[in-house]
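Structure file data12.txt; described as compact mmCIF, C-alpha atoms and all ligand atoms.
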# COMPACT_ATOMS: atom_id res chain seq x y z
CA MET A 17 145.11 -4.50 39.76
CA LEU A 18 148.37 -5.98 38.53
CA ASN A 19 149.53 -3.41 36.02
CA TRP A 20 148.32 0.15 35.77
CA VAL A 21 149.26 3.72 34.99
CA GLU A 22 148.59 6.61 37.34
CA ILE A 23 147.95 10.02 35.82
CA ASP A 24 148.81 12.91 38.12
CA ALA A 25 146.06 15.43 37.43
CA THR A 26 147.74 18.21 39.39
CA ALA A 27 150.99 17.78 37.47
CA LEU A 28 149.17 17.80 34.13
CA ARG A 29 147.22 20.94 35.01
CA ASN A 30 150.41 22.57 36.27
CA ASN A 31 152.13 21.91 32.94
CA LEU A 32 149.15 23.23 31.00
CA LYS A 33 148.94 26.42 33.05
CA LEU A 34 152.66 26.93 32.68
CA PHE A 35 152.27 26.97 28.89
CA ARG A 36 149.13 29.07 29.07
CA GLU A 37 151.15 31.66 30.96
CA LYS A 38 154.19 31.37 28.71
CA ILE A 39 152.31 31.97 25.44
CA GLY A 40 150.08 34.79 26.67
CA GLY A 41 146.40 35.39 26.08
CA LYS A 42 146.38 35.81 22.30
CA VAL A 43 148.01 32.52 21.33
CA GLU A 44 145.92 29.35 21.23
CA LEU A 45 146.98 26.34 23.27
CA ALA A 46 146.49 23.03 21.46
CA PRO A 47 147.39 19.93 23.46
CA VAL A 48 148.62 17.08 21.26
CA VAL A 49 146.79 13.94 22.38
CA LYS A 50 147.77 11.59 19.54
CA SER A 51 149.04 8.08 20.25
CA ASN A 52 146.79 7.68 23.27
CA ALA A 53 148.13 10.99 24.62
CA TYR A 54 151.69 9.65 24.42
CA GLY A 55 150.56 6.63 26.40
CA HIS A 56 148.79 8.67 29.10
CA GLY A 57 145.27 7.84 27.91
CA MET A 58 143.66 10.07 25.29
CA LEU A 59 140.24 10.42 26.88
CA THR A 60 141.65 10.70 30.40
CA VAL A 61 144.05 13.47 29.39
CA THR A 62 141.47 15.26 27.25
CA GLY A 63 139.02 15.25 30.15
CA LEU A 64 141.64 16.82 32.38
CA CYS A 65 142.69 19.58 30.01
CA GLN A 66 139.61 20.46 27.97
CA ASP A 67 138.77 23.65 29.85
CA LEU A 68 142.28 25.07 29.29
CA ALA A 69 142.60 24.02 25.64
CA ASP A 70 141.56 26.00 22.56
CA ARG A 71 141.86 23.06 20.14
CA LEU A 72 143.15 19.52 20.23
CA CYS A 73 145.66 17.93 17.86
CA VAL A 74 145.54 14.26 16.93
CA ASN A 75 147.24 12.19 14.28
CA SER A 76 144.47 10.06 12.87
CA LEU A 77 140.81 10.14 11.96
CA GLY A 78 140.25 7.23 14.34
CA GLU A 79 141.59 9.24 17.27
CA ALA A 80 139.42 12.22 16.35
CA ALA A 81 136.38 9.97 16.00
CA ALA A 82 136.97 8.52 19.48
CA LEU A 83 137.09 12.05 20.91
CA ARG A 84 133.86 13.03 19.16
CA ARG A 85 132.16 9.81 20.32
CA ALA A 86 133.17 10.75 23.87
CA GLY A 87 131.37 14.06 23.42
CA VAL A 88 134.40 16.32 22.92
CA GLU A 89 133.25 19.46 21.12
CA LEU A 90 136.54 21.37 20.89
CA PRO A 91 137.91 22.02 17.41
CA ILE A 92 140.12 19.05 16.48
CA VAL A 93 143.03 19.26 14.06
CA VAL A 94 143.89 15.95 12.35
CA MET A 95 147.58 16.21 11.54
CA GLY A 96 148.18 12.85 9.84
CA TYR A 97 147.03 11.50 6.51
CA VAL A 98 143.38 10.55 6.10
CA GLU A 99 142.42 8.17 3.28
CA GLN A 100 140.33 9.66 0.50
CA ASP A 101 137.43 7.33 1.22
CA ASP A 102 137.34 8.45 4.85
CA LEU A 103 137.11 12.16 4.12
CA ALA A 104 133.30 12.10 4.17
CA GLU A 105 133.48 10.99 7.79
CA LEU A 106 135.99 13.73 8.57
CA VAL A 107 133.59 16.34 7.17
CA GLU A 108 130.64 14.87 9.09
CA MET A 109 132.51 15.12 12.38
CA ASP A 110 133.50 18.73 11.76
CA LEU A 111 137.23 18.01 11.97
CA GLN A 112 140.01 20.21 10.66
CA PRO A 113 142.41 18.38 8.36
CA VAL A 114 146.01 19.34 7.70
CA VAL A 115 146.29 19.07 3.94
CA SER A 116 149.35 18.86 1.74
CA ASN A 117 148.07 17.18 -1.40
CA LEU A 118 145.58 18.32 -4.01
CA PRO A 119 143.52 15.11 -4.39
CA THR A 120 142.62 15.38 -0.70
CA LEU A 121 141.61 19.01 -1.13
CA ASP A 122 139.41 18.16 -4.14
CA ARG A 123 137.71 15.31 -2.34
CA LEU A 124 137.13 17.51 0.71
CA ALA A 125 135.55 20.16 -1.52
CA ALA A 126 133.23 17.56 -3.03
CA GLU A 127 132.24 16.09 0.35
CA ALA A 128 131.69 19.50 1.88
CA GLY A 129 129.41 20.35 -1.07
CA ARG A 130 127.50 17.08 -0.73
CA GLN A 131 126.97 17.62 3.00
CA SER A 132 126.42 21.38 2.74
CA ARG A 133 129.10 21.99 5.32
CA THR A 134 132.22 24.09 5.52
CA VAL A 135 135.54 22.40 6.20
CA LYS A 136 138.23 24.44 7.90
CA VAL A 137 141.43 23.43 6.17
CA HIS A 138 144.99 23.82 7.43
CA LEU A 139 147.66 23.80 4.74
CA LYS A 140 151.08 22.48 5.54
CA ALA A 141 154.13 24.23 4.22
CA GLU A 142 157.31 22.29 3.57
CA THR A 143 160.15 24.18 5.25
CA GLY A 144 162.89 21.61 5.77
CA THR A 145 161.53 18.42 7.34
CA HIS A 146 160.59 16.78 4.02
CA ARG A 147 157.93 14.66 5.59
CA GLN A 148 154.58 16.34 4.96
CA GLY A 149 153.93 19.65 3.33
CA ALA A 150 153.94 21.54 0.06
CA ALA A 151 156.74 23.84 -1.00
CA ARG A 152 155.92 27.52 -1.42
CA ARG A 153 155.89 27.30 -5.22
CA ASP A 154 153.35 24.44 -5.02
CA LEU A 155 150.95 26.13 -2.59
CA GLN A 156 149.26 28.43 -5.10
CA PRO A 157 146.84 25.83 -6.54
CA PHE A 158 145.80 24.90 -2.98
CA VAL A 159 144.86 28.49 -2.25
CA GLU A 160 143.09 28.85 -5.60
CA ARG A 161 141.02 25.70 -5.14
CA ILE A 162 140.02 26.74 -1.64
CA ALA A 163 138.90 30.10 -3.04
CA ALA A 164 136.90 28.31 -5.74
CA SER A 165 135.20 25.89 -3.33
CA PRO A 166 132.33 27.29 -1.26
CA GLY A 167 132.66 24.35 1.16
CA LEU A 168 136.31 25.01 1.99
CA ALA A 169 137.75 27.72 4.24
CA LEU A 170 141.42 28.38 4.73
CA GLU A 171 141.79 28.16 8.49
CA GLY A 172 145.47 27.57 9.03
CA LEU A 173 148.98 27.37 7.67
CA SER A 174 151.42 25.16 9.53
CA THR A 175 154.84 23.58 9.48
CA HIS A 176 156.96 21.40 11.76
CA TYR A 177 160.60 21.74 12.85
CA ALA A 178 163.14 19.15 11.81
CA ASN A 179 166.00 19.94 14.11
CA ILE A 180 164.96 21.59 17.30
CA GLU A 181 165.03 18.85 19.95
CA ASP A 182 168.25 17.26 18.78
CA THR A 183 170.63 20.16 19.03
CA THR A 184 171.50 23.29 20.97
CA ASP A 185 172.19 25.01 17.64
CA HIS A 186 168.93 26.54 16.44
CA SER A 187 170.10 27.78 13.07
CA PHE A 188 168.13 25.14 11.16
CA ALA A 189 164.96 26.10 13.03
CA THR A 190 165.65 29.76 12.38
CA ALA A 191 165.99 29.02 8.67
CA GLN A 192 162.69 27.14 8.77
CA ILE A 193 161.00 30.12 10.41
CA ALA A 194 162.22 32.30 7.52
CA THR A 195 161.03 29.77 4.91
CA PHE A 196 157.66 29.61 6.64
CA GLY A 197 157.43 33.39 6.69
CA ALA A 198 157.98 33.50 2.94
CA ALA A 199 155.35 30.79 2.36
CA ARG A 200 152.91 32.66 4.56
CA LYS A 201 153.45 35.88 2.67
CA ALA A 202 152.88 34.13 -0.65
CA VAL A 203 149.75 32.32 0.58
CA GLU A 204 148.29 35.50 2.03
CA GLY A 205 149.01 37.26 -1.27
CA TRP A 206 147.09 34.66 -3.30
CA HIS A 207 144.40 34.41 -0.64
CA GLY A 208 143.99 38.19 -0.49
CA LYS A 209 143.78 38.25 3.32
CA PRO A 210 145.61 36.93 6.38
CA VAL A 211 145.49 33.23 7.27
CA PRO A 212 143.59 33.08 10.57
CA VAL A 213 145.80 30.56 12.38
CA CYS A 214 149.51 30.17 11.60
CA HIS A 215 151.16 27.49 13.70
CA THR A 216 154.58 25.91 13.80
CA ALA A 217 155.58 25.27 17.40
CA CYS A 218 155.94 21.91 19.16
CA SER A 219 157.02 21.75 22.82
CA ALA A 220 160.71 22.48 22.21
CA ALA A 221 159.99 25.39 19.88
CA THR A 222 157.50 26.84 22.35
CA LEU A 223 160.01 26.58 25.18
CA LEU A 224 162.95 27.98 23.23
CA LEU A 225 161.84 30.37 20.49
CA GLN A 226 159.07 32.85 21.11
CA GLU A 227 158.89 33.79 17.42
CA THR A 228 157.58 30.27 16.69
CA HIS A 229 154.43 30.77 18.78
CA MET A 230 152.49 32.74 16.13
CA ASP A 231 148.73 32.04 16.59
CA LEU A 232 148.76 28.59 18.16
CA VAL A 233 151.21 26.16 19.76
CA ARG A 234 150.95 22.36 19.57
CA ILE A 235 152.18 20.98 22.87
CA GLY A 236 152.81 17.26 23.20
CA ILE A 237 155.67 15.88 25.28
CA ALA A 238 156.01 18.82 27.67
CA LEU A 239 152.32 18.64 28.56
CA TYR A 240 153.16 15.23 29.99
CA GLY A 241 155.93 16.82 32.05
CA LEU A 242 158.85 15.51 30.02
CA TRP A 243 161.56 17.62 28.45
CA PRO A 244 161.72 17.05 24.69
CA SER A 245 165.43 16.30 25.09
CA ARG A 246 168.46 17.06 27.20
CA GLU A 247 169.50 19.58 24.53
CA THR A 248 166.24 21.47 25.00
CA LEU A 249 166.82 21.61 28.74
CA VAL A 250 170.42 22.78 28.28
CA SER A 251 169.35 25.45 25.75
CA CYS A 252 166.67 26.68 28.09
CA ARG A 253 169.12 26.82 30.98
CA ASP A 254 171.70 28.66 28.87
CA GLU A 255 169.17 31.36 28.08
CA GLY A 256 169.10 32.16 31.79
CA GLY A 257 165.85 32.94 33.52
CA GLU A 258 163.81 30.43 35.40
CA LEU A 259 163.51 26.88 34.07
CA PRO A 260 159.87 25.87 33.65
CA ASP A 261 158.86 23.43 36.33
CA LEU A 262 157.63 20.56 34.14
CA ARG A 263 156.16 17.81 36.28
CA PRO A 264 156.03 14.22 35.02
CA VAL A 265 152.44 13.05 34.79
CA MET A 266 152.83 9.28 34.42
CA THR A 267 153.64 6.71 37.08
CA TRP A 268 153.62 3.14 35.83
CA LYS A 269 153.06 0.44 38.39
CA SER A 270 152.95 -3.30 38.75
CA ARG A 271 152.87 -5.70 41.72
CA ILE A 272 155.04 -8.55 42.89
CA ALA A 273 153.24 -11.70 41.72
CA GLN A 274 155.70 -14.21 43.14
CA ILE A 275 158.71 -14.00 45.41
CA GLY A 276 161.22 -16.63 46.44
CA THR A 277 164.79 -17.58 47.23
CA VAL A 278 167.12 -18.82 44.51
CA GLU A 279 170.41 -20.59 45.26
CA GLU A 280 173.79 -19.15 44.39
CA GLY A 281 174.78 -20.17 40.85
CA SER A 282 171.21 -20.41 39.48
CA TYR A 283 170.19 -19.01 36.12
CA ILE A 284 167.31 -16.60 35.79
CA GLY A 285 164.96 -16.64 32.80
CA TYR A 286 165.18 -17.37 29.07
CA GLY A 287 168.57 -17.83 27.54
CA CYS A 288 170.23 -18.27 30.94
CA THR A 289 171.68 -14.77 30.55
CA TYR A 290 171.99 -14.08 34.28
CA ARG A 291 173.43 -16.36 36.95
CA THR A 292 173.15 -15.51 40.63
CA THR A 293 176.43 -14.81 42.42
CA ARG A 294 174.87 -15.34 45.84
CA GLU A 295 171.72 -16.77 47.32
CA SER A 296 169.15 -14.31 45.99
CA LYS A 297 165.61 -13.23 46.58
CA ILE A 298 163.92 -12.90 43.20
CA ALA A 299 160.54 -11.25 42.63
CA VAL A 300 158.44 -11.81 39.53
CA LEU A 301 156.49 -8.87 38.12
CA PRO A 302 153.52 -9.71 35.88
CA CYS A 303 154.65 -7.19 33.31
CA GLY A 304 156.74 -7.68 30.20
CA TYR A 305 157.22 -6.37 26.70
CA ASN A 306 153.58 -7.00 25.89
CA GLU A 307 152.68 -4.46 28.56
CA GLY A 308 155.28 -2.09 27.10
CA TYR A 309 158.25 -2.86 29.34
CA ASP A 310 160.96 -2.88 26.70
CA ARG A 311 162.92 -6.09 26.22
CA ARG A 312 166.06 -3.99 25.90
CA LEU A 313 165.75 -3.45 29.68
CA SER A 314 166.83 -7.09 30.14
CA GLY A 315 169.68 -7.18 32.64
CA VAL A 316 169.87 -3.38 32.56
CA GLY A 317 166.76 -1.76 34.04
CA HIS A 318 165.70 -1.19 37.61
CA VAL A 319 162.28 -0.94 39.23
CA LEU A 320 161.39 0.58 42.60
CA ILE A 321 160.10 -1.54 45.45
CA ARG A 322 159.68 -0.10 48.95
CA GLY A 323 161.48 3.01 47.75
CA ARG A 324 164.60 1.14 46.67
CA ARG A 325 166.00 0.02 43.35
CA ALA A 326 165.61 -3.60 42.34
CA PRO A 327 167.65 -4.57 39.26
CA VAL A 328 166.10 -6.54 36.41
CA ARG A 329 167.68 -9.99 36.23
CA GLY A 330 167.80 -11.98 33.02
CA ARG A 331 165.57 -11.24 30.08
CA VAL A 332 162.31 -9.34 30.11
CA CYS A 333 159.65 -11.87 29.02
CA MET A 334 156.41 -11.27 27.14
CA ASN A 335 154.32 -10.90 30.31
CA MET A 336 156.83 -11.18 33.14
CA THR A 337 160.04 -9.62 34.43
CA MET A 338 162.26 -10.90 37.22
CA VAL A 339 163.90 -8.45 39.62
CA ASP A 340 166.43 -8.91 42.41
CA VAL A 341 165.11 -7.94 45.85
CA THR A 342 167.85 -9.57 47.91
CA ASP A 343 168.76 -6.15 49.32
CA ILE A 344 165.14 -5.25 49.99
CA PRO A 345 164.52 -7.86 52.69
CA ASP A 346 161.04 -6.64 53.60
CA ALA A 347 159.75 -6.95 49.99
CA GLY A 348 156.68 -9.20 49.87
CA LEU A 349 154.00 -10.66 47.65
CA GLU A 350 151.75 -8.02 46.04
CA ASP A 351 154.04 -5.13 46.97
CA GLU A 352 153.82 -2.29 44.48
CA ALA A 353 156.64 -1.98 42.00
CA VAL A 354 157.18 1.29 40.17
CA LEU A 355 158.50 0.80 36.64
CA LEU A 356 158.44 4.50 35.79
CA GLY A 357 158.02 7.35 38.21
CA ALA A 358 158.68 8.02 41.87
CA GLN A 359 158.36 5.96 45.01
CA ASP A 360 159.37 7.54 48.32
CA ASP A 361 162.58 9.44 47.57
CA GLU A 362 163.60 7.42 44.51
CA ARG A 363 162.59 8.04 40.91
CA ILE A 364 163.03 6.24 37.63
CA SER A 365 162.54 8.86 34.95
CA ALA A 366 161.45 8.39 31.36
CA GLU A 367 164.84 9.86 30.40
CA GLN A 368 166.61 7.13 32.34
CA LEU A 369 164.46 4.35 30.92
CA SER A 370 164.96 5.68 27.40
CA GLY A 371 168.71 5.87 27.94
CA TRP A 372 168.78 2.24 29.02
CA CYS A 373 166.82 1.30 25.89
CA GLY A 374 168.72 3.48 23.44
CA THR A 375 165.64 5.51 22.57
CA ILE A 376 163.88 8.75 23.56
CA PRO A 377 161.38 9.44 26.37
CA TYR A 378 158.61 9.89 23.77
CA GLU A 379 158.87 6.23 22.81
CA VAL A 380 159.01 4.91 26.39
CA VAL A 381 155.72 6.48 27.46
CA THR A 382 153.96 5.99 24.12
CA ARG A 383 154.68 2.27 24.17
CA VAL A 384 152.87 1.57 27.44
CA ASN A 385 150.12 -0.80 26.36
CA PRO A 386 146.86 1.15 25.87
CA ALA A 387 144.93 -1.73 27.47
CA LEU A 388 146.39 -1.01 30.93
CA PRO A 389 144.06 1.06 33.10
CA ARG A 390 144.84 4.77 33.42
CA ILE A 391 143.88 5.94 36.91
CA VAL A 392 143.66 9.63 37.72
CA VAL A 393 145.36 10.55 41.00
CA ARG A 394 145.87 13.85 42.82
CA PRO A 395 142.86 15.67 41.43
CA GLU A 396 143.17 19.43 41.60
CA ASN A 397 141.27 21.00 44.45
C1 LIG B 401 153.59 15.22 17.57
C2 LIG B 401 153.59 16.56 16.97
C3 LIG B 401 153.72 17.71 17.76
C4 LIG B 401 154.03 17.67 19.24
O1 LIG B 401 155.43 17.57 19.43
P1 LIG B 401 156.06 17.58 20.91
O2 LIG B 401 157.53 17.58 20.66
O3 LIG B 401 155.61 16.31 21.54
O4 LIG B 401 155.55 18.77 21.59
C5 LIG B 401 153.57 18.94 17.14
N1 LIG B 401 153.36 19.03 15.82
C6 LIG B 401 153.26 17.95 15.02
C7 LIG B 401 153.03 18.13 13.57
C8 LIG B 401 153.39 16.68 15.56
O5 LIG B 401 153.30 15.61 14.76

Would you give me this structure, written as structure tokens?
Amino acid sequence: MLNWVEIDATALRNNLKLFREKIGGKVELAPVVKSNAYGHGMLTVTGLCQDLADRLCVNSLGEAAALRRAGVELPIVVMGYVEQDDLAELVEMDLQPVVSNLPTLDRLAAEAGRQSRTVKVHLKAETGTHRQGAARRDLQPFVERIAASPGLALEGLSTHYANIEDTTDHSFATAQIATFGAARKAVEGWHGKPVPVCHTACSAATLLLQETHMDLVRIGIALYGLWPSRETLVSCRDEGGELPDLRPVMTWKSRIAQIGTVEEGSYIGYGCTYRTTRESKIAVLPCGYNEGYDRRLSGVGHVLIRGRRAPVRGRVCMNMTMVDVTDIPDAGLEDEAVLLGAQDDERISAEQLSGWCGTIPYEVVTRVNPALPRIVVRPEN
């Protein structure tokens, strides 16, 4: 294998159990496995966490369909938009849509009637993100139409925080909690009974603000052992108490596909952006931006070979990257190279990679090409 991703099953299970413990027995745990489980492999991750999950959250109908085809029977919440013409399929597969527009609700009611099924609908309240959701004053017709449609059941009311990862000041989140509370009260008034599952919390909210947990938490990034942001870590630390021991799940590996000596004063790669300042040993990794190794790592990133850092030289190519192993004299053909993760005592974290690229850890892991094999390692005993 030339390029692959290792999924640490023990780390993943550790992260899951940590959240299970944190939220207590009455709150549902819903792993977010959208975007190929943030690059970790949707089916691989789902297989490893099914027994500890109450529901799963995905973005698209396609993702939910792949889970159902693989035999996953857990309730699945589809958080992203589903086209009107695809709603019949959503009903057939017994999926739970998050709805924030009336045409979707009407079409769902019609499809549910046609198929003699009941669709469990989650409404989304707009509380400050202005992305998806209906404002409190607009929610009444949703509740009324659900009441008037025998095929629809109000299962959930949800929202999403706009400013929780990016700051240590949680006043915006606190305001959103209040807005959500008002929307919930209004909805329950029109509905005439409580909404079974109210849910607002992503990883950062779950880690920082207990009042966001409500009936269910949607855990994405932290399930994969990554802190949502430095600010989340700092906020958690400032609260005192023990920091949760999140363990990174992904290790991304490649192998040296060529190795050789290059004279002093030679250029490396496209654009002649790097010139050797000494006779150098250069290794070629068969991994480039097609595989998900960001081109912004050109001349900036490092990989690990034999437990030591090898700097990227010149530009990252589509399918290849050159690294300097002059100071790793025992490096040889087909040696493993770690692009992300640990090797011996060294580690390249998603935080570090994302810093080099000017992005966030979410993007680094999510961009690893889904075609690379995901191999489960360290199964739990
Ligand atoms: C992706 C997503 C989440 C998970 O967020 P993390 O920060 O990765 O935990 C939760 N809720 C919604 C609506 C999302 O889109």

- Note on the structure: Counting only C-alpha atoms, the residue among A:Glu44, A:Glu362, A:Glu204, A:Glu105 that lies closest to Val135 (chain A) is A:Glu105

- Item | Selection as a ChimeraX atom specification: residues within 7 Å of ligand LIG 401 (chain B) by only C-alpha atoms and all ligand atoms | /A:48,75,95,176,217-220,234-238,244

- Query: Which of these residues is nearest to Asn306 (chain A), using only C-alpha atoms: A:Val384, A:Leu320, A:Val392, A:Cys252?
  - Reply: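 When distances to Asn306 (chain A) are compared using only C-alpha atoms, the smallest one comes from A:Val384.
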
- Query: Quick one: of A:Thr184, A:Ser76, A:Ser270, A:Gln148, who's nearest to Val115 (chain A), counting only C-alpha atoms?
  - Reply: A:Gln148

- From the list A:Arg246, A:Arg383, A:Arg152, A:Arg325, which residue is nearest Arg311 (chain A) when using only C-alpha atoms? A:Arg383

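Between CA of Arg390 (chain A) and CA of Gly87 (chain A) the interatomic distance comes to 19.2 Å.
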
- Using only C-alpha atoms, which of the listed residues (A:Thr190, A:Thr183, A:Thr175, A:Asn52) sits closest to Cys214 (chain A)?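 So, comparing all the options, the nearest one is A:Thr175.
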
- Query: Of the candidates A:Cys373, A:Ala53, A:Ile180, A:Val213, which one gets nearest to Tyr309 (chain A) if we count all atoms listed in the file?
  - Reply: A:Cys373

Place a sphere of radius 12 Å on (135.7, 12.8, 8.1) in the file coordinates and name every protein, DNA or RNA residue with an atom inside or on its surface, counting all atoms listed in the file; give the answer as an mmCIF file with C-alpha atoms, keeping the file's coordinate frame.
data_model
loop_
_atom_site.group_PDB
_atom_site.id
_atom_site.type_symbol
_atom_site.label_atom_id
_atom_site.label_comp_id
_atom_site.auth_asym_id
_atom_site.auth_seq_id
_atom_site.Cartn_x
_atom_site.Cartn_y
_atom_site.Cartn_z
ATOM 1 C CA SER A 76 144.470 10.060 12.870
ATOM 2 C CA LEU A 77 140.810 10.140 11.960
ATOM 3 C CA GLY A 78 140.250 7.230 14.340
ATOM 4 C CA GLU A 79 141.590 9.240 17.270
ATOM 5 C CA ALA A 80 139.420 12.220 16.350
ATOM 6 C CA ALA A 81 136.380 9.970 16.000
ATOM 7 C CA ARG A 84 133.860 13.030 19.160
ATOM 8 C CA ILE A 92 140.120 19.050 16.480
ATOM 9 C CA VAL A 93 143.030 19.260 14.060
ATOM 10 C CA VAL A 94 143.890 15.950 12.350
ATOM 11 C CA TYR A 97 147.030 11.500 6.510
ATOM 12 C CA VAL A 98 143.380 10.550 6.100
ATOM 13 C CA GLU A 99 142.420 8.170 3.280
ATOM 14 C CA GLN A 100 140.330 9.660 0.500
ATOM 15 C CA ASP A 101 137.430 7.330 1.220
ATOM 16 C CA ASP A 102 137.340 8.450 4.850
ATOM 17 C CA LEU A 103 137.110 12.160 4.120
ATOM 18 C CA ALA A 104 133.300 12.100 4.170
ATOM 19 C CA GLU A 105 133.480 10.990 7.790
ATOM 20 C CA LEU A 106 135.990 13.730 8.570
ATOM 21 C CA VAL A 107 133.590 16.340 7.170
ATOM 22 C CA GLU A 108 130.640 14.870 9.090
ATOM 23 C CA MET A 109 132.510 15.120 12.380
ATOM 24 C CA ASP A 110 133.500 18.730 11.760
ATOM 25 C CA LEU A 111 137.230 18.010 11.970
ATOM 26 C CA GLN A 112 140.010 20.210 10.660
ATOM 27 C CA PRO A 113 142.410 18.380 8.360
ATOM 28 C CA THR A 120 142.620 15.380 -0.700
ATOM 29 C CA ARG A 123 137.710 15.310 -2.340
ATOM 30 C CA LEU A 124 137.130 17.510 0.710
ATOM 31 C CA GLU A 127 132.240 16.090 0.350
ATOM 32 C CA ALA A 128 131.690 19.500 1.880
ATOM 33 C CA GLN A 131 126.970 17.620 3.000
ATOM 34 C CA ARG A 133 129.100 21.990 5.320
ATOM 35 C CA VAL A 135 135.540 22.400 6.200
ATOM 36 C CA LYS A 136 138.230 24.440 7.900
#

Find the axis-aligned box for region 89-107 of chain A, covering all its listed atoms and adding 3 Å on each side, and write its centre and edge lengths in Å to one decimal as JSON.
{"center_x": 140.7, "center_y": 14.7, "center_z": 10.8, "size_x": 20.9, "size_y": 20.7, "size_z": 26.6}

- Just give me the gap between CA of Ala221 (chain A) and CA of Arg363 (chain A) in Å, one decimal is fine.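 Pair CA of Ala221 (chain A) / CA of Arg363 (chain A) returns 27.4 Å.
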
- Message: I'd like the interatomic distance between CA of Gly41 (chain A) and CA of Gln226 (chain A), to a tenth of an Å.
- Response: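 Pair CA of Gly41 (chain A) / CA of Gln226 (chain A) returns 13.8 Å.
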
- Name the residues in contact with region 332-346 of chain A at a cut-off of 9 Å, using only C-alpha atoms, excluding same-chain residues fewer than 5 positions from it; report them as number ranges by chain. A: 275, 277, 284-286, 295-307, 309-315, 318-319, 321-322, 324-327

- Please write as a count of residues only the list of polymer residues whose atoms come within 12 Å of (132.1, 11.9, 25.6), counting all atoms listed in the file and keeping to the coordinates of the file. 17

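The list of residues with at least one atom within 7 Å of Tyr240 (chain A), based on only C-alpha atoms and without residues fewer than 4 positions apart in the same chain, reads Leu28, Pro264 and Val265 of chain A.
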
- Message: What's around Pro210 (chain A) at 12 Å? Count all atoms listed in the file, leave out sequence neighbours fewer than 3 positions away in its own chain, and write the answer as JSON, numbers by chain.
- Response: {"A": [170, 171, 172, 173, 200, 201, 202, 203, 204, 205, 206, 207, 213, 214, 231]}

- Message: Which residues are close to Ala191 (chain A), i.e. within 12 Å by only C-alpha atoms, leaving aside same-chain residues fewer than 3 positions away? Reply as a ChimeraX atom specification.
- Response: /A:143-145,177-180,185-188,194-198,228

Please reconstruct the missing atoms of region 25-37 of chain A (target: N, CA and C atoms) and return them as an mmCIF file, in the coordinates of the input.
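And here's out_26.cif as it stands now:
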data_model
loop_
_atom_site.group_PDB
_atom_site.id
_atom_site.type_symbol
_atom_site.label_atom_id
_atom_site.label_comp_id
_atom_site.auth_asym_id
_atom_site.auth_seq_id
_atom_site.Cartn_x
_atom_site.Cartn_y
_atom_site.Cartn_z
ATOM 1 N N ALA A 25 146.866 14.331 37.978
ATOM 2 C CA ALA A 25 146.060 15.430 37.430
ATOM 3 C C ALA A 25 146.645 16.786 37.773
ATOM 4 N N THR A 26 147.174 16.915 38.984
ATOM 5 C CA THR A 26 147.740 18.210 39.390
ATOM 6 C C THR A 26 148.965 18.551 38.553
ATOM 7 N N ALA A 27 149.798 17.548 38.287
ATOM 8 C CA ALA A 27 150.990 17.780 37.470
ATOM 9 C C ALA A 27 150.589 18.200 36.050
ATOM 10 N N LEU A 28 149.619 17.493 35.490
ATOM 11 C CA LEU A 28 149.170 17.800 34.130
ATOM 12 C C LEU A 28 148.629 19.238 34.046
ATOM 13 N N ARG A 29 147.801 19.603 35.004
ATOM 14 C CA ARG A 29 147.220 20.940 35.010
ATOM 15 C C ARG A 29 148.308 21.994 35.228
ATOM 16 N N ASN A 30 149.284 21.658 36.057
ATOM 17 C CA ASN A 30 150.410 22.570 36.270
ATOM 18 C C ASN A 30 151.146 22.822 34.949
ATOM 19 N N ASN A 31 151.404 21.767 34.204
ATOM 20 C CA ASN A 31 152.130 21.910 32.940
ATOM 21 C C ASN A 31 151.315 22.748 31.944
ATOM 22 N N LEU A 32 150.024 22.480 31.907
ATOM 23 C CA LEU A 32 149.150 23.230 31.000
ATOM 24 C C LEU A 32 149.154 24.724 31.331
ATOM 25 N N LYS A 33 149.012 25.015 32.621
ATOM 26 C CA LYS A 33 148.940 26.420 33.050
ATOM 27 C C LYS A 33 150.255 27.128 32.796
ATOM 28 N N LEU A 34 151.338 26.359 32.948
ATOM 29 C CA LEU A 34 152.660 26.930 32.680
ATOM 30 C C LEU A 34 152.762 27.391 31.217
ATOM 31 N N PHE A 35 152.238 26.578 30.310
ATOM 32 C CA PHE A 35 152.270 26.970 28.890
ATOM 33 C C PHE A 35 151.282 28.091 28.606
ATOM 34 N N ARG A 36 150.124 28.007 29.235
ATOM 35 C CA ARG A 36 149.130 29.070 29.070
ATOM 36 C C ARG A 36 149.756 30.420 29.413
ATOM 37 N N GLU A 37 150.508 30.435 30.519
ATOM 38 C CA GLU A 37 151.150 31.660 30.960
ATOM 39 C C GLU A 37 152.272 32.075 30.007
#
